[in-house]
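J.: I am sharing run.pdb, which consists of PDB, C-alpha atoms, pLDDT in the B column:
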ATOM      1  CA  MET A 297      20.566   7.296 -22.678  1.00 84.00           C
ATOM      2  CA  ASP A 298      21.218   4.183 -20.621  1.00 93.00           C
ATOM      3  CA  PRO A 299      20.242   4.919 -16.977  1.00 96.00           C
ATOM      4  CA  THR A 300      23.035   2.774 -15.537  1.00 96.00           C
ATOM      5  CA  ALA A 301      25.706   4.571 -17.573  1.00 95.00           C
ATOM      6  CA  ALA A 302      24.128   7.945 -16.739  1.00 97.00           C
ATOM      7  CA  ILE A 303      24.207   7.248 -12.996  1.00 97.00           C
ATOM      8  CA  LEU A 304      27.799   5.991 -12.949  1.00 97.00           C
ATOM      9  CA  GLY A 305      28.881   8.871 -15.166  1.00 96.00           C
ATOM     10  CA  ALA A 306      27.292  11.434 -12.845  1.00 96.00           C
ATOM     11  CA  LEU A 307      29.262   9.993  -9.932  1.00 97.00           C
ATOM     12  CA  ALA A 308      32.572   9.965 -11.795  1.00 95.00           C
ATOM     13  CA  SER A 309      33.677  13.501 -10.891  1.00 92.00           C
ATOM     14  CA  GLY A 310      35.013  12.572  -7.463  1.00 91.00           C
ATOM     15  CA  ALA A 311      34.645  10.527  -4.287  1.00 91.00           C
ATOM     16  CA  ASP A 312      32.090  12.998  -2.907  1.00 94.00           C
ATOM     17  CA  ALA A 313      30.021  13.136  -6.083  1.00 95.00           C
ATOM     18  CA  SER A 314      26.311  12.508  -5.630  1.00 97.00           C
ATOM     19  CA  ILE A 315      22.940  12.693  -7.327  1.00 97.00           C
ATOM     20  CA  ALA A 316      20.842  14.829  -4.981  1.00 97.00           C
ATOM     21  CA  ASP A 317      17.458  13.549  -6.158  1.00 96.00           C
ATOM     22  CA  SER A 318      16.820  10.736  -8.615  1.00 97.00           C
ATOM     23  CA  PHE A 319      13.559  12.336  -9.796  1.00 95.00           C
ATOM     24  CA  ALA A 320      15.229  15.628 -10.776  1.00 94.00           C
ATOM     25  CA  PHE A 321      18.141  13.674 -12.286  1.00 96.00           C
ATOM     26  CA  ALA A 322      15.762  11.619 -14.436  1.00 96.00           C
ATOM     27  CA  GLY A 323      13.979  14.730 -15.667  1.00 94.00           C
ATOM     28  CA  SER A 324      17.142  16.631 -16.550  1.00 94.00           C
ATOM     29  CA  ASN A 325      18.519  13.650 -18.493  1.00 96.00           C
ATOM     30  CA  GLY A 326      15.316  12.729 -20.317  1.00 96.00           C
ATOM     31  CA  LEU A 327      15.003   9.423 -18.471  1.00 97.00           C
ATOM     32  CA  ASP A 328      12.022   7.640 -16.962  1.00 97.00           C
ATOM     33  CA  HIS A 329      12.226   7.882 -13.168  1.00 97.00           C
ATOM     34  CA  ASN A 330      11.192   4.252 -12.664  1.00 97.00           C
ATOM     35  CA  ALA A 331      14.035   3.181 -14.963  1.00 98.00           C
ATOM     36  CA  VAL A 332      16.511   5.274 -12.946  1.00 98.00           C
ATOM     37  CA  VAL A 333      15.257   3.756  -9.681  1.00 98.00           C
ATOM     38  CA  GLY A 334      15.480   0.244 -11.106  1.00 97.00           C
ATOM     39  CA  ALA A 335      19.028   0.788 -12.344  1.00 97.00           C
ATOM     40  CA  SER A 336      20.028   2.379  -9.023  1.00 98.00           C
ATOM     41  CA  LYS A 337      18.751  -0.562  -7.000  1.00 97.00           C
ATOM     42  CA  SER A 338      20.514  -2.988  -9.315  1.00 95.00           C
ATOM     43  CA  LEU A 339      23.770  -1.043  -8.880  1.00 95.00           C
ATOM     44  CA  GLN A 340      23.232  -0.973  -5.127  1.00 96.00           C
ATOM     45  CA  GLY A 341      22.997  -4.768  -5.157  1.00 92.00           C
ATOM     46  CA  ASP A 342      26.596  -4.912  -6.400  1.00 90.00           C
ATOM     47  CA  ALA A 343      27.718  -2.049  -4.095  1.00 93.00           C
ATOM     48  CA  TYR A 344      28.387   0.349  -6.983  1.00 95.00           C
ATOM     49  CA  VAL A 345      26.144   2.927  -5.328  1.00 97.00           C
ATOM     50  CA  SER A 346      24.458   3.679  -2.015  1.00 97.00           C
ATOM     51  CA  LEU A 347      20.875   4.923  -1.822  1.00 98.00           C
ATOM     52  CA  SER A 348      19.124   7.172   0.692  1.00 98.00           C
ATOM     53  CA  GLU A 349      15.339   7.380   0.365  1.00 98.00           C
ATOM     54  CA  LEU A 350      13.736  10.794  -0.078  1.00 96.00           C
ATOM     55  CA  SER A 351      10.066  11.710   0.350  1.00 95.00           C
ATOM     56  CA  THR A 352       8.474  14.792  -1.238  1.00 93.00           C
ATOM     57  CA  GLN A 353       4.874  15.900  -0.678  1.00 93.00           C
ATOM     58  CA  PHE A 354       3.101  18.275  -3.039  1.00 94.00           C
ATOM     59  CA  TYR A 355      -0.352  19.139  -4.330  1.00 96.00           C
ATOM     60  CA  VAL A 356      -1.729  18.398  -7.785  1.00 96.00           C
ATOM     61  CA  LEU A 357      -4.767  20.033  -9.351  1.00 97.00           C
ATOM     62  CA  GLY A 358      -7.726  17.981 -10.541  1.00 96.00           C
ATOM     63  CA  LYS A 359      -9.588  18.600 -13.817  1.00 97.00           C
ATOM     64  CA  GLU A 360     -12.125  20.878 -12.126  1.00 97.00           C
ATOM     65  CA  ALA A 361      -9.310  22.933 -10.577  1.00 98.00           C
ATOM     66  CA  GLU A 362      -7.576  23.284 -13.938  1.00 97.00           C
ATOM     67  CA  ASP A 363     -10.854  24.552 -15.407  1.00 97.00           C
ATOM     68  CA  ILE A 364     -11.104  27.109 -12.582  1.00 97.00           C
ATOM     69  CA  VAL A 365      -7.575  28.365 -13.291  1.00 98.00           C
ATOM     70  CA  LYS A 366      -8.555  28.791 -16.941  1.00 97.00           C
ATOM     71  CA  ASN A 367     -12.109  30.110 -16.646  1.00 96.00           C
ATOM     72  CA  GLY A 368     -12.572  31.267 -13.050  1.00 96.00           C
ATOM     73  CA  SER A 369     -14.323  29.649 -10.075  1.00 97.00           C
ATOM     74  CA  GLN A 370     -17.960  28.604 -10.306  1.00 97.00           C
ATOM     75  CA  GLU A 371     -19.008  31.222  -7.730  1.00 96.00           C
ATOM     76  CA  ILE A 372     -17.324  34.049  -9.629  1.00 96.00           C
ATOM     77  CA  ARG A 373     -18.908  32.944 -12.894  1.00 96.00           C
ATOM     78  CA  VAL A 374     -22.344  32.824 -11.258  1.00 96.00           C
ATOM     79  CA  LEU A 375     -21.762  36.209  -9.609  1.00 95.00           C
ATOM     80  CA  GLY A 376     -20.692  37.668 -12.954  1.00 95.00           C
ATOM     81  CA  ALA A 377     -23.910  36.468 -14.562  1.00 96.00           C
ATOM     82  CA  LEU A 378     -26.006  37.954 -11.731  1.00 95.00           C
ATOM     83  CA  ILE A 379     -24.180  41.283 -11.849  1.00 94.00           C
ATOM     84  CA  GLU A 380     -24.742  41.404 -15.605  1.00 94.00           C
ATOM     85  CA  ALA A 381     -28.470  40.756 -15.052  1.00 93.00           C
ATOM     86  CA  GLY A 382     -28.670  43.686 -12.621  1.00 92.00           C
ATOM     87  CA  ASP A 383     -31.802  44.301 -10.569  1.00 90.00           C
ATOM     88  CA  GLU A 384     -33.805  42.025 -12.873  1.00 91.00           C
ATOM     89  CA  GLY A 385     -31.992  39.013 -11.492  1.00 92.00           C
ATOM     90  CA  LEU A 386     -32.115  35.528 -12.953  1.00 96.00           C
ATOM     91  CA  THR A 387     -34.264  32.483 -12.434  1.00 94.00           C
ATOM     92  CA  ILE A 388     -32.409  29.228 -11.855  1.00 94.00           C
ATOM     93  CA  PRO A 389     -33.124  28.009 -15.424  1.00 95.00           C
ATOM     94  CA  GLU A 390     -31.884  31.351 -16.803  1.00 96.00           C
ATOM     95  CA  LEU A 391     -28.715  31.071 -14.708  1.00 96.00           C
ATOM     96  CA  GLN A 392     -28.174  27.487 -15.888  1.00 96.00           C
ATOM     97  CA  GLU A 393     -28.537  28.623 -19.485  1.00 96.00           C
ATOM     98  CA  LYS A 394     -25.883  31.302 -19.001  1.00 95.00           C
ATOM     99  CA  VAL A 395     -23.212  29.363 -17.101  1.00 96.00           C
ATOM    100  CA  GLY A 396     -24.214  25.703 -17.441  1.00 96.00           C
ATOM    101  CA  LYS A 397     -25.920  23.351 -14.983  1.00 95.00           C
ATOM    102  CA  ASP A 398     -22.763  22.123 -13.221  1.00 94.00           C
ATOM    103  CA  VAL A 399     -21.315  25.609 -12.749  1.00 96.00           C
ATOM    104  CA  SER A 400     -24.721  26.910 -11.637  1.00 96.00           C
ATOM    105  CA  LYS A 401     -25.187  24.165  -9.039  1.00 94.00           C
ATOM    106  CA  ILE A 402     -21.794  24.601  -7.379  1.00 95.00           C
ATOM    107  CA  GLY A 403     -21.488  28.346  -7.913  1.00 95.00           C
ATOM    108  CA  MET A 404     -24.943  29.261  -6.629  1.00 94.00           C
ATOM    109  CA  GLY A 405     -24.409  27.359  -3.391  1.00 93.00           C
ATOM    110  CA  ASN A 406     -21.057  29.046  -2.794  1.00 93.00           C
ATOM    111  CA  CYS A 407     -22.439  32.473  -3.672  1.00 93.00           C
ATOM    112  CA  MET A 408     -25.242  32.067  -1.135  1.00 93.00           C
ATOM    113  CA  LYS A 409     -22.794  30.809   1.484  1.00 92.00           C
ATOM    114  CA  LEU A 410     -20.506  33.806   0.886  1.00 91.00           C
ATOM    115  CA  LYS A 411     -23.537  36.135   0.835  1.00 91.00           C
ATOM    116  CA  TRP A 412     -22.639  37.272  -2.662  1.00 93.00           C
ATOM    117  CA  ALA A 413     -26.167  36.543  -3.863  1.00 93.00           C
ATOM    118  CA  LYS A 414     -29.683  36.621  -2.442  1.00 92.00           C
ATOM    119  CA  LYS A 415     -33.099  35.413  -3.492  1.00 90.00           C
ATOM    120  CA  ASP A 416     -35.732  38.055  -4.156  1.00 88.00           C
ATOM    121  CA  LYS A 417     -38.802  37.044  -2.150  1.00 87.00           C
ATOM    122  CA  ALA A 418     -41.276  38.634  -4.566  1.00 85.00           C
ATOM    123  CA  SER A 419     -39.950  37.245  -7.863  1.00 89.00           C
ATOM    124  CA  GLY A 420     -38.009  34.217  -6.608  1.00 89.00           C
ATOM    125  CA  LYS A 421     -35.087  35.326  -8.765  1.00 93.00           C
ATOM    126  CA  LEU A 422     -31.434  35.368  -7.755  1.00 94.00           C
ATOM    127  CA  ILE A 423     -29.862  38.800  -7.442  1.00 94.00           C
ATOM    128  CA  ALA A 424     -26.260  39.837  -6.777  1.00 93.00           C
ATOM    129  CA  ALA A 425     -25.853  41.243  -3.266  1.00 91.00           C
ATOM    130  CA  ALA A 426     -24.658  44.818  -2.975  1.00 84.00           C
ATOM    131  CA  GLY A 427     -20.901  45.112  -2.487  1.00 79.00           C
ATOM    132  CA  SER A 428     -20.161  41.509  -3.505  1.00 75.00           C
ATOM    133  CA  ASP A 429     -16.450  40.722  -3.686  1.00 77.00           C
ATOM    134  CA  THR A 430     -15.498  40.083  -7.303  1.00 83.00           C
ATOM    135  CA  GLN A 431     -11.972  38.936  -6.481  1.00 90.00           C
ATOM    136  CA  ASP A 432     -11.593  35.268  -7.404  1.00 94.00           C
ATOM    137  CA  GLY A 433      -9.704  33.959  -4.386  1.00 94.00           C
ATOM    138  CA  VAL A 434     -10.089  30.286  -5.335  1.00 97.00           C
ATOM    139  CA  LYS A 435      -8.608  30.860  -8.787  1.00 97.00           C
ATOM    140  CA  GLU A 436      -5.691  32.789  -7.246  1.00 97.00           C
ATOM    141  CA  GLN A 437      -5.048  30.014  -4.709  1.00 97.00           C
ATOM    142  CA  LEU A 438      -5.064  27.285  -7.353  1.00 97.00           C
ATOM    143  CA  SER A 439      -2.863  29.381  -9.638  1.00 97.00           C
ATOM    144  CA  ALA A 440      -0.357  29.796  -6.803  1.00 97.00           C
ATOM    145  CA  LEU A 441      -0.139  26.013  -6.406  1.00 96.00           C
ATOM    146  CA  GLN A 442       0.122  25.476 -10.157  1.00 95.00           C
ATOM    147  CA  ASN A 443       2.824  28.115 -10.657  1.00 95.00           C
ATOM    148  CA  ALA A 444       5.040  26.998  -7.755  1.00 93.00           C
ATOM    149  CA  PRO A 445       8.191  25.009  -8.632  1.00 86.00           C
ATOM    150  CA  GLU A 446       7.331  21.404  -9.467  1.00 75.00           C
ATOM    151  CA  GLY A 447       7.081  19.278  -6.343  1.00 79.00           C
ATOM    152  CA  ASP A 448       7.567  22.284  -4.052  1.00 85.00           C
ATOM    153  CA  ASN A 449       4.115  23.753  -3.444  1.00 92.00           C
ATOM    154  CA  ALA A 450       3.117  22.135  -0.129  1.00 90.00           C
ATOM    155  CA  ASN A 451       3.860  25.328   1.822  1.00 91.00           C
ATOM    156  CA  VAL A 452       2.525  27.896  -0.655  1.00 94.00           C
ATOM    157  CA  LEU A 453      -0.884  28.220   1.057  1.00 95.00           C
ATOM    158  CA  ASP A 454      -1.991  28.108   4.695  1.00 96.00           C
ATOM    159  CA  ASP A 455      -3.476  24.940   6.185  1.00 95.00           C
ATOM    160  CA  LYS A 456      -7.067  26.245   6.286  1.00 96.00           C
ATOM    161  CA  THR A 457      -7.034  27.199   2.622  1.00 96.00           C
ATOM    162  CA  LEU A 458      -5.586  23.813   1.636  1.00 96.00           C
ATOM    163  CA  LYS A 459      -8.203  22.053   3.759  1.00 96.00           C
ATOM    164  CA  ASP A 460     -10.977  23.960   1.949  1.00 95.00           C
ATOM    165  CA  LEU A 461      -9.522  23.113  -1.471  1.00 97.00           C
ATOM    166  CA  LYS A 462      -9.230  19.432  -0.519  1.00 96.00           C
ATOM    167  CA  ARG A 463     -12.804  19.449   0.818  1.00 95.00           C
ATOM    168  CA  ARG A 464     -13.974  20.700  -2.576  1.00 95.00           C
ATOM    169  CA  LYS A 465     -11.867  17.930  -4.155  1.00 96.00           C
ATOM    170  CA  LEU A 466      -9.961  20.470  -6.215  1.00 97.00           C
ATOM    171  CA  VAL A 467      -6.498  19.297  -5.134  1.00 97.00           C
ATOM    172  CA  SER A 468      -4.875  16.074  -3.926  1.00 96.00           C
ATOM    173  CA  LEU A 469      -1.783  15.617  -1.767  1.00 94.00           C
ATOM    174  CA  ILE A 470       0.775  13.370  -3.451  1.00 93.00           C
ATOM    175  CA  THR A 471       3.802  11.732  -1.839  1.00 94.00           C
ATOM    176  CA  ARG A 472       6.664  11.031  -4.237  1.00 94.00           C
ATOM    177  CA  LYS A 473       9.484   8.638  -3.334  1.00 96.00           C
ATOM    178  CA  SER A 474      12.919   9.177  -4.823  1.00 97.00           C
ATOM    179  CA  TYR A 475      16.559   8.637  -3.829  1.00 98.00           C
ATOM    180  CA  LYS A 476      19.818  10.405  -3.152  1.00 98.00           C
ATOM    181  CA  ILE A 477      22.555   8.400  -4.894  1.00 98.00           C
ATOM    182  CA  THR A 478      26.194   8.310  -3.777  1.00 98.00           C
ATOM    183  CA  ARG A 479      29.173   6.109  -4.545  1.00 97.00           C
ATOM    184  CA  GLY A 480      29.205   2.627  -3.036  1.00 96.00           C
ATOM    185  CA  ALA A 481      32.186   0.595  -1.813  1.00 94.00           C
ATOM    186  CA  GLU A 482      32.633  -1.069  -5.228  1.00 92.00           C
ATOM    187  CA  TYR A 483      32.008   2.020  -7.374  1.00 94.00           C
ATOM    188  CA  ALA A 484      33.568   2.081 -10.841  1.00 93.00           C
ATOM    189  CA  PRO A 485      32.767   4.402 -13.775  1.00 93.00           C
ATOM    190  CA  GLN A 486      31.664   1.400 -15.819  1.00 90.00           C
ATOM    191  CA  ARG A 487      29.711  -1.598 -14.632  1.00 86.00           C
ATOM    192  CA  VAL A 488      31.212  -5.050 -15.024  1.00 81.00           C
ATOM    193  CA  LYS A 489      28.655  -7.801 -14.766  1.00 72.00           C
ATOM    194  CA  LYS A 490      29.688 -10.421 -12.216  1.00 66.00           C
ATOM    195  CA  ALA A 491      29.495 -14.045 -13.236  1.00 60.00           C
ATOM    196  CA  ALA A 492      27.385 -16.330 -11.074  1.00 59.00           C
ATOM    197  CA  ASP A 493      29.263 -19.577 -11.791  1.00 64.00           C
ATOM    198  CA  LEU A 494      32.643 -20.848 -12.900  1.00 61.00           C
ATOM    199  CA  THR A 495      32.131 -22.644 -16.199  1.00 67.00           C
ATOM    200  CA  LYS A 496      34.196 -25.225 -18.095  1.00 61.00           C
ATOM    201  CA  GLU A 497      34.612 -22.713 -20.913  1.00 70.00           C
ATOM    202  CA  MET A 498      36.203 -20.221 -18.482  1.00 61.00           C
ATOM    203  CA  LEU A 499      38.588 -22.882 -17.213  1.00 63.00           C
ATOM    204  CA  ASP A 500      39.577 -24.037 -20.695  1.00 59.00           C
ATOM    205  CA  SER A 501      40.155 -20.491 -22.010  1.00 71.00           C
ATOM    206  CA  GLY A 502      41.683 -19.045 -18.853  1.00 63.00           C
ATOM    207  CA  LYS A 503      39.049 -16.326 -18.871  1.00 65.00           C
ATOM    208  CA  TRP A 504      38.234 -17.058 -15.222  1.00 55.00           C
ATOM    209  CA  LYS A 505      41.410 -15.164 -14.251  1.00 53.00           C
ATOM    210  CA  GLU A 506      39.925 -11.818 -15.401  1.00 56.00           C
ATOM    211  CA  THR A 507      36.287 -12.507 -14.523  1.00 55.00           C
ATOM    212  CA  THR A 508      34.618 -10.975 -11.476  1.00 62.00           C
ATOM    213  CA  PHE A 509      32.363 -13.406  -9.637  1.00 54.00           C
ATOM    214  CA  LYS A 510      29.346 -12.790  -7.431  1.00 59.00           C
ATOM    215  CA  GLU A 511      29.886 -13.568  -3.748  1.00 61.00           C
ATOM    216  CA  TYR A 512      28.525 -16.973  -2.826  1.00 54.00           C
ATOM    217  CA  ASN A 513      25.782 -17.007  -0.216  1.00 51.00           C
ATOM    218  CA  PHE A 514      26.626 -19.980   1.999  1.00 44.00           C
ATOM    219  CA  GLN A 515      23.543 -19.356   4.140  1.00 53.00           C
ATOM    220  CA  THR A 516      21.392 -20.774   1.346  1.00 51.00           C
ATOM    221  CA  LEU A 517      22.985 -24.213   1.763  1.00 49.00           C
TER
END
Could you spell out this file's structure in structure tokens?
T.:
Amino acid sequence: MDPTAAILGALASGADASIADSFAFAGSNGLDHNAVVGASKSLQGDAYVSLSELSTQFYVLGKEAEDIVKNGSQEIRVLGALIEAGDEGLTIPELQEKVGKDVSKIGMGNCMKLKWAKKDKASGKLIAAAGSDTQDGVKEQLSALQNAPEGDNANVLDDKTLKDLKRRKLVSLITRKSYKITRGAEYAPQRVKKAADLTKEMLDSGKWKETTFKEYNFQTL
């Protein structure tokens, strides 16, 4: 679909017709948003449309966060391995073998911080603390962001929780620019390209009578 034709067609229903958000419009019509923005700005240059800039902030999950949503947080995976080991506990190499080095490194630190795990002084092994919380809050928080409507998850979680997730580099705040599009002073359902110059061919054929010309900018003289 041609973005220019799509935009003008969407505004054809009446004088008050508008495109509320160019990003949503592009998605619903199978168009690239950059192409829609480019066409909109070109149409604005000839007063076919008017544009009002919109700004939307939302959070996106990084690769590590997506892995947590799928497999659980590192601390929960470490805790699960320690609970499975029972009173015997696990050495650090044994823990690494069960959950992997990266998960072990991050998860063990968080478990100790949350007091979900402790180190047995006699054996030096890691043991799950009694009454450890097995609810995976981090996974639930990330899932809430992921499952919120696209581009509308900035207010799903409280500021402290978002700050913690950003500190762990699990999420990033993105600002997306888009536009509200309304009819301009020269709107027409189809675009007619304006000629820049009057040519000899136009004069000879008489075509100049039905040709629309661009306004001349005398300030450039």
J.: I'd like to see the residues matched by the PyMOL selection byres ((chain A and resi 322) around 12) on this file, and ideally I'd get them as an MDAnalysis selection string.
T.: chainID A and resid 297:300 302:303 306 315:321 323:336 474:475
J.: Point out the residue among A:Leu304, A:Ala426, A:Met404, A:Ala450 with the least atom-to-atom distance to A:Arg373, counting all atoms listed in the file.
T.: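 Closest to A:Arg373, using all atoms listed in the file: A:Met404.
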J.: Considering all atoms listed in the file, can you say which of A:Glu390, A:Gly358, A:Gln340, A:Lys411 comes closest to A:Asp429?
T.: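 Using all atoms listed in the file, the shortest distance to A:Asp429 belongs to A:Lys411.
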J.: Which residues would end up in the selection if the PyMOL selection byres ((chain A and resi 350) around 9) were applied here, given that I need the answer as a list in words?
T.: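 For this structure, the PyMOL selection byres ((chain A and resi 350) around 9) resolves to Asp317, Ser348, Glu349, Ser351, Thr352, Arg472, Lys473, Ser474, Tyr475 and Lys476 of chain A.
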J.: Step by step, work through what the PyMOL selection byres ((chain A and resi 343) around 10) selects in the shown file, and finish by giving those residues as a list of chain:residue names.
T.: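 When the PyMOL selection byres ((chain A and resi 343) around 10) is applied, the selected residues are A:Lys337, A:Ser338, A:Leu339, A:Gln340, A:Gly341, A:Asp342, A:Tyr344, A:Val345, A:Ser346, A:Arg479, A:Gly480, A:Ala481, A:Glu482, A:Tyr483, A:Ala484.
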J.: Just give me the gap between atom CA of A:Lys409 and atom CA of A:Glu371 in Å, one decimal is fine.
T.: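 Straight-line distance from atom CA of A:Lys409 to atom CA of A:Glu371 works out to 10.0 Å.
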J.: When distances are computed from all atoms listed in the file, which of A:Ala425, A:Gln370, A:Leu307, A:Leu453 shows the smallest separation from A:Ala440?
T.: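 Nearest candidate to A:Ala440 out of A:Ala425, A:Gln370, A:Leu307, A:Leu453: A:Leu453.
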J.: Some atoms are absent from stretch 360-382 of chain A, so rebuild N, CA and C atoms and return them as a tab-separated table (two decimals), keeping the file's coordinate frame.
T.:
chain	number	residue	atom	x	y	z
A	360	GLU	N	-11.27	19.74	-12.47
A	360	GLU	CA	-12.12	20.88	-12.13
A	360	GLU	C	-11.28	22.09	-11.74
A	361	ALA	N	-10.20	21.84	-10.99
A	361	ALA	CA	-9.31	22.93	-10.58
A	361	ALA	C	-8.63	23.57	-11.78
A	362	GLU	N	-8.21	22.74	-12.73
A	362	GLU	CA	-7.58	23.28	-13.94
A	362	GLU	C	-8.55	24.15	-14.73
A	363	ASP	N	-9.83	23.75	-14.73
A	363	ASP	CA	-10.85	24.55	-15.41
A	363	ASP	C	-11.05	25.89	-14.69
A	364	ILE	N	-10.97	25.87	-13.36
A	364	ILE	CA	-11.10	27.11	-12.58
A	364	ILE	C	-9.96	28.06	-12.88
A	365	VAL	N	-8.73	27.53	-12.96
A	365	VAL	CA	-7.58	28.36	-13.29
A	365	VAL	C	-7.77	29.02	-14.66
A	366	LYS	N	-8.36	28.29	-15.58
A	366	LYS	CA	-8.56	28.79	-16.94
A	366	LYS	C	-9.74	29.74	-17.06
A	367	ASN	N	-10.85	29.38	-16.42
A	367	ASN	CA	-12.11	30.11	-16.65
A	367	ASN	C	-12.68	30.83	-15.42
A	368	GLY	N	-12.05	30.65	-14.26
A	368	GLY	CA	-12.57	31.27	-13.05
A	368	GLY	C	-13.41	30.28	-12.25
A	369	SER	N	-13.56	30.54	-10.94
A	369	SER	CA	-14.32	29.65	-10.07
A	369	SER	C	-15.81	29.71	-10.41
A	370	GLN	N	-16.53	28.67	-10.02
A	370	GLN	CA	-17.96	28.60	-10.31
A	370	GLN	C	-18.70	29.78	-9.66
A	371	GLU	N	-18.32	30.13	-8.43
A	371	GLU	CA	-19.01	31.22	-7.73
A	371	GLU	C	-18.79	32.58	-8.40
A	372	ILE	N	-17.60	32.78	-8.92
A	372	ILE	CA	-17.32	34.05	-9.63
A	372	ILE	C	-18.08	34.10	-10.96
A	373	ARG	N	-18.18	32.97	-11.62
A	373	ARG	CA	-18.91	32.94	-12.89
A	373	ARG	C	-20.41	33.17	-12.68
A	374	VAL	N	-20.94	32.59	-11.60
A	374	VAL	CA	-22.34	32.82	-11.26
A	374	VAL	C	-22.55	34.29	-10.87
A	375	LEU	N	-21.65	34.81	-10.03
A	375	LEU	CA	-21.76	36.21	-9.61
A	375	LEU	C	-21.70	37.15	-10.82
A	376	GLY	N	-20.80	36.84	-11.75
A	376	GLY	CA	-20.69	37.67	-12.95
A	376	GLY	C	-21.99	37.70	-13.74
A	377	ALA	N	-22.64	36.53	-13.83
A	377	ALA	CA	-23.91	36.47	-14.56
A	377	ALA	C	-24.99	37.26	-13.84
A	378	LEU	N	-25.00	37.22	-12.51
A	378	LEU	CA	-26.01	37.95	-11.73
A	378	LEU	C	-25.77	39.46	-11.79
A	379	ILE	N	-24.50	39.85	-11.74
A	379	ILE	CA	-24.18	41.28	-11.85
A	379	ILE	C	-24.60	41.81	-13.21
A	380	GLU	N	-24.36	41.02	-14.25
A	380	GLU	CA	-24.74	41.40	-15.60
A	380	GLU	C	-26.27	41.56	-15.72
A	381	ALA	N	-27.00	40.70	-15.00
A	381	ALA	CA	-28.47	40.76	-15.05
A	381	ALA	C	-29.03	41.96	-14.29
A	382	GLY	N	-28.24	42.50	-13.37
A	382	GLY	CA	-28.67	43.69	-12.62
A	382	GLY	C	-29.84	43.41	-11.70
